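A.B. asks: Below is the file start02.txt, with compact mmCIF, C-alpha atoms and all ligand atoms.
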```txt
# COMPACT_ATOMS: atom_id res chain seq x y z
CA MET A 1 84.30 94.10 116.96
CA ILE A 2 87.97 93.54 116.17
CA LYS A 3 90.26 92.80 119.11
CA ARG A 4 93.27 91.14 117.56
CA VAL A 5 94.73 91.72 114.13
CA LEU A 6 97.06 89.46 112.19
CA VAL A 7 99.12 91.47 109.70
CA VAL A 8 100.47 89.26 106.90
CA GLY A 9 103.82 90.36 105.46
CA SER A 10 107.24 91.63 106.50
CA GLY A 11 107.79 94.97 104.78
CA GLY A 12 107.62 98.64 105.70
CA ARG A 13 104.01 98.68 104.55
CA GLU A 14 103.10 95.96 107.05
CA HIS A 15 104.98 97.68 109.87
CA ALA A 16 103.05 100.88 109.09
CA LEU A 17 99.71 99.03 108.92
CA GLY A 18 100.30 97.34 112.28
CA TRP A 19 101.52 100.61 113.84
CA LYS A 20 98.38 102.44 112.71
CA LEU A 21 95.94 99.64 113.60
CA ASN A 22 97.50 99.40 117.05
CA GLN A 23 96.33 102.98 117.75
CA SER A 24 92.69 101.94 117.42
CA PRO A 25 90.82 101.91 120.75
CA ASN A 26 89.29 98.60 119.70
CA VAL A 27 92.51 96.71 119.05
CA GLU A 28 94.29 95.03 121.94
CA LYS A 29 97.03 93.19 120.06
CA ILE A 30 98.73 93.08 116.67
CA LEU A 31 100.42 89.91 115.49
CA TYR A 32 102.66 89.81 112.44
CA ALA A 33 103.36 86.89 110.11
CA PRO A 34 106.29 86.95 109.77
CA GLY A 35 106.97 90.64 110.61
CA ASN A 36 110.48 92.09 110.85
CA GLY A 37 113.03 93.50 113.32
CA GLY A 38 110.80 96.48 114.07
CA THR A 39 107.61 94.56 114.87
CA GLU A 40 106.60 92.65 117.99
CA ASN A 41 104.51 89.49 118.34
CA ASN A 42 106.04 87.95 115.22
CA CYS A 43 104.87 84.46 114.18
CA SER A 44 107.40 82.78 111.91
CA ILE A 45 104.90 81.90 109.19
CA LYS A 46 105.48 82.83 105.57
CA PRO A 47 102.79 84.92 103.81
CA THR A 48 102.28 82.03 101.38
CA ASP A 49 101.76 79.42 104.12
CA ILE A 50 98.00 79.81 104.05
CA ASP A 51 97.35 76.74 106.23
CA GLY A 52 99.69 78.13 108.89
CA LEU A 53 98.03 81.56 108.75
CA LEU A 54 94.56 80.00 108.98
CA LYS A 55 95.58 78.17 112.14
CA VAL A 56 96.95 81.28 113.89
CA ALA A 57 94.01 83.47 112.87
CA LYS A 58 91.54 80.88 114.16
CA HIS A 59 93.41 80.04 117.35
CA LYS A 60 94.03 83.70 118.29
CA ASN A 61 90.67 84.90 117.01
CA CYS A 62 92.14 87.52 114.64
CA PHE A 63 90.94 89.80 111.90
CA THR A 64 93.54 89.26 109.16
CA VAL A 65 94.98 92.07 107.03
CA VAL A 66 96.99 90.97 104.00
CA GLY A 67 99.89 93.23 102.94
CA PRO A 68 101.53 91.69 99.86
CA GLU A 69 100.04 90.55 96.56
CA VAL A 70 101.41 87.01 96.35
CA PRO A 71 99.12 85.41 98.99
CA LEU A 72 96.16 87.29 97.47
CA GLY A 73 96.96 85.70 94.13
CA GLU A 74 97.17 82.32 95.82
CA GLY A 75 93.64 82.70 97.14
CA ILE A 76 94.25 83.46 100.83
CA VAL A 77 91.00 85.44 101.06
CA ASP A 78 88.94 82.66 99.48
CA ARG A 79 90.43 80.12 101.91
CA PHE A 80 89.70 82.33 104.95
CA GLN A 81 86.15 82.97 103.73
CA GLU A 82 85.54 79.21 103.36
CA LYS A 83 86.36 78.91 107.06
CA GLU A 84 84.33 82.03 107.90
CA LEU A 85 87.38 83.84 109.27
CA PRO A 86 87.32 87.64 108.84
CA ILE A 87 89.93 88.99 106.45
CA PHE A 88 90.67 92.24 104.60
CA GLY A 89 91.63 91.88 100.94
CA PRO A 90 90.28 90.89 97.53
CA ASP A 91 89.56 87.28 96.53
CA LYS A 92 91.43 85.52 93.76
CA GLN A 93 88.98 86.60 91.04
CA ALA A 94 89.34 90.28 91.92
CA SER A 95 93.09 90.20 92.45
CA GLN A 96 93.43 89.20 88.77
CA LEU A 97 93.52 92.96 88.16
CA GLU A 98 97.02 93.02 89.65
CA LEU A 99 98.10 89.45 88.85
CA SER A 100 97.84 89.80 85.10
CA LYS A 101 98.72 92.93 83.18
CA VAL A 102 97.09 91.40 80.10
CA PHE A 103 93.83 91.04 82.06
CA SER A 104 94.04 94.59 83.41
CA LYS A 105 94.88 96.20 80.06
CA LYS A 106 91.98 94.38 78.36
CA PHE A 107 89.70 95.32 81.27
CA MET A 108 90.63 98.99 80.80
CA GLN A 109 90.11 98.76 77.05
CA ASN A 110 86.66 97.17 77.52
CA HIS A 111 85.53 99.69 80.12
CA GLY A 112 86.89 102.87 78.54
CA ILE A 113 89.55 103.58 81.19
CA SER A 114 92.45 105.55 79.76
CA THR A 115 95.75 103.70 79.50
CA ALA A 116 98.71 103.64 77.08
CA ASN A 117 98.12 101.97 73.68
CA PHE A 118 99.40 98.40 73.78
CA ARG A 119 99.72 94.99 72.15
CA VAL A 120 100.05 91.56 73.77
CA PHE A 121 102.73 89.08 72.57
CA GLN A 122 103.52 85.45 73.27
CA ASN A 123 106.25 85.24 70.67
CA PRO A 124 109.52 87.18 71.23
CA ASP A 125 110.13 87.74 67.47
CA ASP A 126 106.67 89.22 66.98
CA ALA A 127 107.19 91.54 69.96
CA LEU A 128 110.46 92.80 68.48
CA GLU A 129 108.97 93.28 65.00
CA TYR A 130 106.22 95.39 66.54
CA ILE A 131 108.74 97.51 68.45
CA LYS A 132 110.74 98.06 65.23
CA SER A 133 107.61 99.49 63.64
CA LYS A 134 107.14 102.02 66.47
CA GLU A 135 108.90 105.15 67.60
CA LEU A 136 111.06 104.58 70.71
CA PRO A 137 110.99 104.61 73.70
CA MET A 138 108.54 101.75 74.23
CA VAL A 139 107.78 99.86 77.43
CA ILE A 140 107.91 96.07 77.76
CA LYS A 141 106.03 94.52 80.68
CA ALA A 142 105.90 90.96 81.92
CA ASP A 143 102.27 89.82 82.20
CA GLY A 144 102.54 88.38 85.72
CA LEU A 145 103.91 89.46 89.10
CA ALA A 146 107.54 90.60 89.15
CA ALA A 147 107.94 92.45 92.47
CA GLY A 148 107.62 95.84 90.76
CA LYS A 149 110.57 95.11 88.46
CA GLY A 150 108.77 93.68 85.41
CA ALA A 151 108.35 96.94 83.44
CA ILE A 152 111.35 97.81 81.27
CA ILE A 153 111.65 101.07 79.38
CA CYS A 154 113.48 100.59 76.08
CA ARG A 155 115.06 103.64 74.51
CA THR A 156 116.95 101.77 71.76
CA LEU A 157 116.32 98.61 69.74
CA ASP A 158 119.25 96.95 71.52
CA GLU A 159 117.62 97.64 74.87
CA ALA A 160 114.37 96.16 73.54
CA ARG A 161 116.19 93.01 72.35
CA ILE A 162 117.84 92.62 75.76
CA ALA A 163 114.54 93.20 77.60
CA ILE A 164 112.66 90.64 75.49
CA ASP A 165 115.49 88.16 75.99
CA ARG A 166 115.44 88.68 79.78
CA VAL A 167 111.67 88.52 80.18
CA MET A 168 110.56 86.00 77.51
CA ILE A 169 113.56 83.77 76.78
CA LYS A 170 115.66 83.72 79.95
CA GLN A 171 112.41 84.10 81.93
CA GLU A 172 113.99 86.20 84.68
CA PHE A 173 110.53 86.62 86.20
CA GLY A 174 109.57 82.98 85.62
CA SER A 175 106.23 82.25 83.96
CA ALA A 176 105.24 85.91 84.51
CA GLY A 177 107.12 86.44 81.22
CA ASN A 178 105.17 83.91 79.12
CA ARG A 179 103.28 86.85 77.68
CA VAL A 180 104.34 90.48 77.48
CA ILE A 181 102.61 93.79 76.99
CA VAL A 182 104.40 96.22 74.70
CA GLU A 183 103.03 99.70 75.28
CA ASP A 184 103.63 103.30 74.27
CA PHE A 185 105.88 105.34 76.54
CA LEU A 186 104.00 108.12 78.32
CA HIS A 187 105.64 111.42 79.34
CA GLY A 188 104.43 113.14 82.48
CA PHE A 189 104.44 112.79 86.24
CA GLU A 190 103.30 109.80 88.28
CA VAL A 191 100.76 109.59 91.07
CA SER A 192 99.66 106.65 93.19
CA PHE A 193 95.91 106.81 93.72
CA ILE A 194 94.88 104.37 96.42
CA GLY A 195 91.69 103.64 98.32
CA ILE A 196 89.46 101.02 99.83
CA ALA A 197 86.55 99.33 98.08
CA ASP A 198 83.77 97.07 99.34
CA GLY A 199 82.64 95.72 95.97
CA ILE A 200 80.37 98.71 95.32
CA ASN A 201 81.67 101.79 97.14
CA PHE A 202 85.13 103.35 97.09
CA ILE A 203 86.75 105.57 99.76
CA PRO A 204 89.95 107.29 98.62
CA PHE A 205 93.15 107.76 100.59
CA ALA A 206 95.18 110.95 100.26
CA THR A 207 97.24 111.15 97.06
CA SER A 208 100.86 110.04 97.13
CA GLN A 209 103.85 109.79 94.82
CA ASP A 210 106.35 106.94 94.74
CA HIS A 211 109.94 107.12 93.42
CA LYS A 212 110.51 103.80 91.67
CA GLN A 213 113.95 104.23 90.13
CA VAL A 214 117.00 103.53 92.25
CA TYR A 215 118.92 106.79 91.60
CA ASP A 216 118.20 110.49 92.00
CA GLY A 217 116.49 112.14 89.05
CA ASP A 218 114.52 108.92 88.36
CA LEU A 219 117.57 107.24 86.85
CA GLY A 220 118.63 103.60 86.98
CA ALA A 221 116.69 100.37 87.39
CA ASN A 222 113.18 100.13 88.81
CA THR A 223 112.91 99.08 92.45
CA GLY A 224 109.97 98.28 94.70
CA GLY A 225 110.00 102.02 95.60
CA MET A 226 112.72 104.24 97.12
CA GLY A 227 110.53 106.84 98.80
CA ALA A 228 107.11 108.45 98.75
CA TYR A 229 105.25 111.49 100.00
CA SER A 230 101.66 112.57 100.54
CA PRO A 231 99.80 114.64 99.43
CA VAL A 232 100.82 115.41 95.84
CA PRO A 233 100.26 119.15 95.25
CA MET A 234 100.33 118.77 91.46
CA VAL A 235 96.98 116.96 91.61
CA SER A 236 94.41 119.75 91.27
CA ASP A 237 90.84 119.30 92.53
CA GLU A 238 89.70 118.84 88.95
CA LEU A 239 92.30 116.15 88.26
CA TYR A 240 91.46 114.45 91.57
CA GLU A 241 87.78 114.21 90.59
CA MET A 242 88.70 112.93 87.16
CA ILE A 243 90.81 110.12 88.65
CA LEU A 244 88.18 109.31 91.28
CA ASN A 245 85.26 109.11 88.84
CA LYS A 246 86.77 108.08 85.52
CA ILE A 247 89.27 105.56 86.89
CA MET A 248 88.68 104.37 90.46
CA LYS A 249 84.87 104.24 90.67
CA LYS A 250 84.66 103.05 87.07
CA THR A 251 87.03 100.20 87.88
CA VAL A 252 85.11 99.13 90.99
CA ASN A 253 81.87 99.15 88.93
CA GLY A 254 83.42 97.40 85.93
CA MET A 255 84.88 94.65 88.07
CA ARG A 256 81.51 94.14 89.76
CA GLN A 257 79.84 93.85 86.34
CA GLU A 258 82.37 91.13 85.50
CA GLY A 259 81.52 89.23 88.69
CA ARG A 260 84.84 90.18 90.33
CA GLU A 261 83.87 92.44 93.24
CA ILE A 262 86.88 94.29 94.63
CA LYS A 263 86.73 94.14 98.42
CA GLY A 264 90.02 95.51 99.66
CA VAL A 265 92.51 97.99 98.25
CA LEU A 266 92.32 99.44 94.78
CA TYR A 267 95.58 101.12 93.83
CA ALA A 268 96.10 102.76 90.44
CA GLY A 269 99.61 103.75 89.36
CA ILE A 270 98.85 106.74 87.12
CA MET A 271 100.82 108.88 84.66
CA ILE A 272 99.49 112.40 84.19
CA CYS A 273 100.18 113.42 80.59
CA ASN A 274 99.16 116.95 79.64
CA GLY A 275 96.61 117.00 82.43
CA ILE A 276 95.03 113.63 81.50
CA PRO A 277 95.45 110.61 83.80
CA TYR A 278 96.49 107.27 82.21
CA VAL A 279 96.63 104.06 84.24
CA LEU A 280 100.04 102.38 84.18
CA GLU A 281 99.00 99.50 86.44
CA PHE A 282 96.51 98.38 89.02
CA ASN A 283 97.36 96.79 92.35
CA CYS A 284 94.99 95.18 94.83
CA ARG A 285 97.03 95.95 97.96
CA PHE A 286 98.46 98.99 99.67
CA GLY A 287 101.56 100.65 98.24
CA ASP A 288 105.01 100.19 99.68
CA PRO A 289 106.35 102.78 100.53
CA GLU A 290 103.22 104.94 99.91
CA THR A 291 101.46 103.44 102.96
CA GLN A 292 104.13 104.79 105.31
CA PRO A 293 103.51 108.53 104.64
CA GLN A 294 99.79 108.01 104.06
CA LEU A 295 99.16 106.34 107.41
CA PHE A 296 101.45 108.84 109.17
CA ARG A 297 98.98 111.53 108.02
CA MET A 298 95.79 109.58 108.68
CA LYS A 299 93.76 111.00 111.57
CA SER A 300 90.80 108.58 111.35
CA ASP A 301 90.86 105.12 112.87
CA LEU A 302 91.76 102.68 110.07
CA VAL A 303 89.99 99.69 111.62
CA PRO A 304 86.37 100.60 110.71
CA TYR A 305 87.36 101.06 107.05
CA LEU A 306 89.01 97.66 106.78
CA GLU A 307 86.12 95.96 108.55
CA ALA A 308 83.51 97.74 106.43
CA SER A 309 85.36 96.78 103.25
CA ALA A 310 85.28 93.12 104.21
CA GLU A 311 81.61 93.36 105.23
CA GLY A 312 80.45 95.38 102.18
CA ASN A 313 79.43 98.31 104.33
CA LEU A 314 81.61 101.31 103.36
CA GLN A 315 78.59 103.53 102.57
CA SER A 316 78.03 103.89 106.32
CA LEU A 317 81.41 105.60 106.89
CA ASP A 318 82.54 109.22 106.55
CA PRO A 319 85.46 110.20 104.33
CA ILE A 320 88.87 109.61 105.95
CA LYS A 321 90.41 112.61 107.78
CA TRP A 322 94.05 113.57 107.14
CA GLU A 323 96.60 115.81 108.87
CA SER A 324 96.78 118.98 106.79
CA GLY A 325 100.60 118.97 106.46
CA SER A 326 102.77 116.62 104.45
CA ALA A 327 104.49 113.31 105.18
CA VAL A 328 107.61 112.05 103.43
CA CYS A 329 109.21 108.60 103.57
CA VAL A 330 112.76 107.92 102.40
CA VAL A 331 113.88 104.30 101.98
CA MET A 332 117.36 103.25 103.11
CA ALA A 333 118.42 100.25 101.02
CA SER A 334 121.21 97.67 101.20
CA GLY A 335 124.35 98.20 99.10
CA GLY A 336 123.71 96.64 95.67
CA TYR A 337 119.89 96.74 95.80
CA PRO A 338 117.91 96.28 93.50
CA ASN A 339 120.53 93.75 92.34
CA ALA A 340 122.29 91.25 94.63
CA TYR A 341 123.05 92.67 98.08
CA GLU A 342 124.64 91.61 101.34
CA ARG A 343 122.70 90.99 104.53
CA GLY A 344 123.55 90.95 108.22
CA LYS A 345 124.91 94.52 108.49
CA VAL A 346 124.40 96.01 111.95
CA ILE A 347 122.15 99.09 111.94
CA HIS A 348 123.19 101.99 114.21
CA GLY A 349 121.34 105.10 115.35
CA LEU A 350 117.75 103.83 115.24
CA ASN A 351 116.92 105.04 118.74
CA ASP A 352 118.36 108.50 118.12
CA ALA A 353 116.21 108.92 115.02
CA MET A 354 113.10 107.61 116.77
CA LYS A 355 113.54 110.18 119.56
CA MET A 356 113.00 113.00 117.08
CA LYS A 357 109.60 114.64 117.02
CA ASP A 358 107.23 113.60 114.22
CA ILE A 359 109.60 110.92 112.97
CA MET A 360 108.83 107.24 112.62
CA VAL A 361 111.26 104.63 111.36
CA PHE A 362 109.32 101.83 109.70
CA HIS A 363 111.33 98.64 109.36
CA ALA A 364 111.34 96.44 106.25
CA GLY A 365 114.37 94.19 105.62
CA THR A 366 115.57 94.01 109.23
CA GLU A 367 115.84 91.30 111.86
CA ASN A 368 116.91 90.96 115.47
CA GLN A 369 120.28 89.38 116.08
CA GLY A 370 121.11 89.26 119.78
CA GLU A 371 121.16 92.84 121.00
CA SER A 372 121.42 94.27 117.49
CA ILE A 373 119.12 94.91 114.61
CA VAL A 374 120.71 93.83 111.33
CA THR A 375 119.80 94.13 107.65
CA SER A 376 118.01 91.17 106.06
CA GLY A 377 116.49 92.56 102.86
CA GLY A 378 116.97 95.00 99.97
CA ARG A 379 114.77 97.81 101.27
CA VAL A 380 115.80 98.05 104.91
CA LEU A 381 114.08 101.04 106.55
CA GLY A 382 111.53 103.72 105.66
CA ILE A 383 112.36 106.89 107.56
CA THR A 384 109.13 108.88 107.69
CA ALA A 385 108.49 112.46 108.78
CA LEU A 386 105.44 114.61 109.24
CA GLY A 387 105.84 118.32 108.55
CA ARG A 388 103.86 121.55 108.20
CA ASP A 389 104.34 121.25 104.45
CA THR A 390 106.44 119.27 101.99
CA GLN A 391 109.55 121.41 102.54
CA ASP A 392 109.36 120.98 106.31
CA ALA A 393 108.75 117.21 106.06
CA VAL A 394 111.66 116.79 103.61
CA GLU A 395 114.03 118.69 105.91
CA ARG A 396 112.97 116.62 108.92
CA VAL A 397 113.23 113.28 107.16
CA TYR A 398 116.79 113.84 105.92
CA LYS A 399 117.86 115.13 109.34
CA ALA A 400 116.60 111.90 110.93
CA LEU A 401 118.11 109.76 108.20
CA LYS A 402 121.59 111.21 108.87
CA LEU A 403 121.48 109.63 112.33
CA ILE A 404 121.11 106.08 110.96
CA ARG A 405 124.05 104.10 109.57
CA PHE A 406 124.80 100.64 108.24
CA GLU A 407 127.52 99.44 105.89
CA GLY A 408 126.66 99.91 102.22
CA ALA A 409 123.44 101.87 102.90
CA HIS A 410 122.12 104.01 100.07
CA HIS A 411 119.08 106.21 99.59
CA ARG A 412 117.69 108.79 97.20
CA LYS A 413 118.34 112.41 98.09
CA ASP A 414 115.57 113.90 95.99
CA ILE A 415 112.37 112.46 97.47
CA GLY A 416 109.67 115.12 97.22
CA ASN A 417 111.61 117.28 94.74
CA GLN A 418 108.86 117.24 92.10
CA ALA A 419 106.43 118.66 94.65
CA LEU A 420 108.97 121.23 95.87
CA GLY A 421 109.70 122.30 92.28
CA TYR A 422 106.01 122.65 91.57
CA LEU A 423 105.29 124.59 94.79
CA GLY A 424 108.33 126.82 94.22
CA GLY A 425 107.06 127.69 90.78
CA LEU A 426 103.53 128.59 91.92
P1 LIG B 501 104.31 99.32 86.30
O1 LIG B 501 104.86 98.07 86.94
O2 LIG B 501 103.45 99.06 85.13
O3 LIG B 501 103.68 100.29 87.27
O4 LIG B 501 105.60 100.11 85.82
C1 LIG B 501 106.65 100.44 86.70
C2 LIG B 501 107.16 101.83 86.39
O5 LIG B 501 107.62 101.89 85.04
C3 LIG B 501 106.10 102.92 86.48
O6 LIG B 501 105.93 103.36 87.80
C4 LIG B 501 106.70 103.98 85.59
O7 LIG B 501 107.73 104.69 86.24
C5 LIG B 501 107.32 103.17 84.47
N1 LIG B 501 106.34 102.96 83.38
C6 LIG B 501 105.48 101.92 83.24
N2 LIG B 501 104.73 102.06 82.13
C7 LIG B 501 105.11 103.21 81.54
C8 LIG B 501 104.71 103.90 80.36
N3 LIG B 501 103.78 103.42 79.54
N4 LIG B 501 105.32 105.08 80.08
C9 LIG B 501 106.28 105.57 80.89
N5 LIG B 501 106.72 104.97 82.01
C10 LIG B 501 106.14 103.79 82.34
N1 LIG B 502 105.34 101.52 95.54
C1 LIG B 502 104.89 100.72 94.48
C2 LIG B 502 104.04 99.60 94.83
O1 LIG B 502 103.68 99.41 95.98
O2 LIG B 502 103.68 98.87 93.92
```
Let me see the file written as structure tokens.
Ligand code: AMP
Ligand code: GLY
C.D. replies:
Amino acid sequence: MIKRVLVVGSGGREHALGWKLNQSPNVEKILYAPGNGGTENNCSIKPTDIDGLLKVAKHKNCFTVVGPEVPLGEGIVDRFQEKELPIFGPDKQASQLELSKVFSKKFMQNHGISTANFRVFQNPDDALEYIKSKELPMVIKADGLAAGKGAIICRTLDEARIAIDRVMIKQEFGSAGNRVIVEDFLHGFEVSFIGIADGINFIPFATSQDHKQVYDGDLGANTGGMGAYSPVPMVSDELYEMILNKIMKKTVNGMRQEGREIKGVLYAGIMICNGIPYVLEFNCRFGDPETQPQLFRMKSDLVPYLEASAEGNLQSLDPIKWESGSAVCVVMASGGYPNAYERGKVIHGLNDAMKMKDIMVFHAGTENQGESIVTSGGRVLGITALGRDTQDAVERVYKALKLIRFEGAHHRKDIGNQALGYLGGL
């Protein structure tokens, strides 16, 4: 039975994971590596310092939960398994689904999972020639990890030239840009479909929707995510079943057939086009910020699900129970984010917001400095509210957000609007 948990990572997702796991009757302590200004028991070990993490997990006898994708790609799970230390997350073979978009697109093609038509290019001139032969917009994606910023929508040929130059020639995302996917642009609305797999079985989380672009109305550059809510009312029961069976379960099975059992999170970023779901990308870790509203609504204890995933035993568990209302998370970001931004700005009003009912402020890019909490990253806080319904949760979250201030702070004012528009039109 789990007693201590080591949460690897420093974002809002990791704060939310630790907060939720800490409510389990079986957990006596949560440690974070490295954590942030909102978390306690922080060990100053980077998520990529696998030797350092191994030492802490062994010494403190922890079950380890990995938040971000980079250590997964570096084989943290394989290293822990070699030492017989319990850990939640996919091994290196399985995390290929997130690490390489070329791998995941070919996987989908081979297993009949719907996704946008695409071609793979290693040569910038060939990529541009292909785009010239197609109707715009088109989407250019770096093959490897790019912190959620490697997909560029090109509405003109000039934009395509600039994107290819940035990704393939200037290599803004490093070797992640050695190969690119060029794919058709899909019109529709996006859903994050996330759940836990044990290699064979899959247990879904409640649906959620992220808001990737920096400005209201989905304008501006892509970010790691500026806000999210759960559930997504536009996902009908029929659509939910289609995603569960034709995408999620099919992916878990297909990966097993390829000798890459997914034990951990399976997250599909999906575009719904005319009622049909198309996979935009797969991730092998929880969403950030989707985790914040999802876990705020989760009534079940999370611990048994993570343990059963690692042990290949999910079939023994019931479906997860959720609060019937809605949860909304709005990210407050540093001035300038997602481009260069300043750090070290003192954050005011945190306690006032935290005193409000059904509000939780999850920290991300924050750190303690003397008596103050200051900004230390691009996405700083995830203000999260639980409400009777989406409207109620949206009203609560923006009321709480008004109480928090730091120099240069910006946030989106339209989180949840797609759901409100849909519900208003019903
Ligand atoms: P990805 O990293 O592949 O999830 O892409 C990041 C974001 O870019 C997505 O969440 C969408 O908002 C947008 N995007 C990616 N691929 C497409 C596509 N084929 N059509 C339209 N938008 C896309
Ligand atoms: N919110 C997007 C992601 O976690 O990839």
A.B. asks: Would you please work out which residue, of A:His59, A:Arg161, A:His187, A:Arg396, is nearest to ligand LIG 501 (chain B) when using all atoms listed in the file?
C.D. replies: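 Of all the options, A:His187 lies closest to ligand LIG 501 (chain B).
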A.B. asks: Write out as a ChimeraX atom specification each polymer residue (protein, DNA or RNA) that has an atom no more than 7 Å from ligand LIG 501 (chain B), with only C-alpha atoms and all ligand atoms counted.
C.D. replies: /A:116,139,141,148-153,183-187,190,212,222,269,280-281
A.B. asks: Let's have the selection written as a PDB file, in the coordinates of the input, with C-alpha atoms.
C.D. replies:
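again-v6.pdb, freshly written:
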```
ATOM      1  CA  ALA A 116      98.710 103.640  77.080  1.00  0.00           C
ATOM      2  CA  VAL A 139     107.780  99.860  77.430  1.00  0.00           C
ATOM      3  CA  LYS A 141     106.030  94.520  80.680  1.00  0.00           C
ATOM      4  CA  GLY A 148     107.620  95.840  90.760  1.00  0.00           C
ATOM      5  CA  LYS A 149     110.570  95.110  88.460  1.00  0.00           C
ATOM      6  CA  GLY A 150     108.770  93.680  85.410  1.00  0.00           C
ATOM      7  CA  ALA A 151     108.350  96.940  83.440  1.00  0.00           C
ATOM      8  CA  ILE A 152     111.350  97.810  81.270  1.00  0.00           C
ATOM      9  CA  ILE A 153     111.650 101.070  79.380  1.00  0.00           C
ATOM     10  CA  GLU A 183     103.030  99.700  75.280  1.00  0.00           C
ATOM     11  CA  ASP A 184     103.630 103.300  74.270  1.00  0.00           C
ATOM     12  CA  PHE A 185     105.880 105.340  76.540  1.00  0.00           C
ATOM     13  CA  LEU A 186     104.000 108.120  78.320  1.00  0.00           C
ATOM     14  CA  HIS A 187     105.640 111.420  79.340  1.00  0.00           C
ATOM     15  CA  GLU A 190     103.300 109.800  88.280  1.00  0.00           C
ATOM     16  CA  LYS A 212     110.510 103.800  91.670  1.00  0.00           C
ATOM     17  CA  ASN A 222     113.180 100.130  88.810  1.00  0.00           C
ATOM     18  CA  GLY A 269      99.610 103.750  89.360  1.00  0.00           C
ATOM     19  CA  LEU A 280     100.040 102.380  84.180  1.00  0.00           C
ATOM     20  CA  GLU A 281      99.000  99.500  86.440  1.00  0.00           C
TER      21      GLU A 281
END
```
A.B. asks: Between A:Thr223, A:Asn417, A:Asn313, A:Gln369, which has the minimum distance to ligand LIG 502 (chain B) (counting all atoms listed in the file)?
C.D. replies: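 Ranked by minimum distance to ligand LIG 502 (chain B), first place goes to A:Thr223.
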A.B. asks: Could you pull out the residues sitting within 7 Å of ligand LIG 502 (chain B), using all atoms listed in the file, and write them as a list in words?
C.D. replies: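 Going residue by residue within 7 Å of ligand LIG 502 (chain B), we get Gly148, Asp210, Lys212, Gly224, Gly225, Asn283, Phe286, Gly287, Asp288, Pro289 and Glu290 of chain A.
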A.B. asks: Considering only C-alpha atoms, can you say which of A:Ala268, A:Val361, A:Ile162, A:Leu54 comes closest to Met108 of chain A?
C.D. replies: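 The answer is A:Ala268, which sits nearest to Met108 of chain A.
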A.B. asks: Excluding same-chain residues fewer than 3 positions from Ile262 of chain A, what lies within 7 Å of it counting all atoms listed in the file, as a PyMOL selection string?
C.D. replies: chain A and resi 90+94+197-199+252+255
A.B. asks: Excluding same-chain residues fewer than 6 positions from Glu407 of chain A, what lies within 8 Å of it counting only C-alpha atoms, as a list of chain:residue names?
C.D. replies: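 Near neighbours after the sequence-gap exclusion: A:Gly335, A:Lys345, A:Val346.
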A.B. asks: Which distance in Å separates atom CA of Tyr32 of chain A and atom CA of Ile415 of chain A, to one decimal?
C.D. replies: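 One can read the atom CA of Tyr32 of chain A to atom CA of Ile415 of chain A distance as 28.8 Å.
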A.B. asks: Step by step: start from the point (92.3, 85.8, 100.7) in the file's coordinates, keep every protein, DNA or RNA residue that has an atom no farther than 12 Å from it, count only C-alpha atoms, and write the set as a ChimeraX atom specification.
C.D. replies: /A:8,47-51,53-54,63-95,262-264,284-285,310
A.B. asks: Store the residues of this selection in a file with C-alpha atoms, as a CSV table (one decimal), in the coordinates of the input.
C.D. replies:
```
chain,number,residue,atom,x,y,z
A,8,VAL,CA,100.5,89.3,106.9
A,47,PRO,CA,102.8,84.9,103.8
A,48,THR,CA,102.3,82.0,101.4
A,49,ASP,CA,101.8,79.4,104.1
A,50,ILE,CA,98.0,79.8,104.0
A,51,ASP,CA,97.4,76.7,106.2
A,53,LEU,CA,98.0,81.6,108.8
A,54,LEU,CA,94.6,80.0,109.0
A,63,PHE,CA,90.9,89.8,111.9
A,64,THR,CA,93.5,89.3,109.2
A,65,VAL,CA,95.0,92.1,107.0
A,66,VAL,CA,97.0,91.0,104.0
A,67,GLY,CA,99.9,93.2,102.9
A,68,PRO,CA,101.5,91.7,99.9
A,69,GLU,CA,100.0,90.6,96.6
A,70,VAL,CA,101.4,87.0,96.4
A,71,PRO,CA,99.1,85.4,99.0
A,72,LEU,CA,96.2,87.3,97.5
A,73,GLY,CA,97.0,85.7,94.1
A,74,GLU,CA,97.2,82.3,95.8
A,75,GLY,CA,93.6,82.7,97.1
A,76,ILE,CA,94.2,83.5,100.8
A,77,VAL,CA,91.0,85.4,101.1
A,78,ASP,CA,88.9,82.7,99.5
A,79,ARG,CA,90.4,80.1,101.9
A,80,PHE,CA,89.7,82.3,105.0
A,81,GLN,CA,86.2,83.0,103.7
A,82,GLU,CA,85.5,79.2,103.4
A,83,LYS,CA,86.4,78.9,107.1
A,84,GLU,CA,84.3,82.0,107.9
A,85,LEU,CA,87.4,83.8,109.3
A,86,PRO,CA,87.3,87.6,108.8
A,87,ILE,CA,89.9,89.0,106.4
A,88,PHE,CA,90.7,92.2,104.6
A,89,GLY,CA,91.6,91.9,100.9
A,90,PRO,CA,90.3,90.9,97.5
A,91,ASP,CA,89.6,87.3,96.5
A,92,LYS,CA,91.4,85.5,93.8
A,93,GLN,CA,89.0,86.6,91.0
A,94,ALA,CA,89.3,90.3,91.9
A,95,SER,CA,93.1,90.2,92.4
A,262,ILE,CA,86.9,94.3,94.6
A,263,LYS,CA,86.7,94.1,98.4
A,264,GLY,CA,90.0,95.5,99.7
A,284,CYS,CA,95.0,95.2,94.8
A,285,ARG,CA,97.0,96.0,98.0
A,310,ALA,CA,85.3,93.1,104.2
```
A.B. asks: Tell me, as a list in words, which residues lie within 10 Å of Gly195 of chain A, counting all atoms listed in the file; anything in the same chain fewer than 3 positions away does not count.
C.D. replies: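 Those residues are Ser192, Phe202, Ile203, Pro204, Phe205, Ala206, Thr207, Leu244, Met248, Gly264, Val265, Leu266, Tyr267, Ala268, Cys284, Arg285 and Phe286 of chain A.
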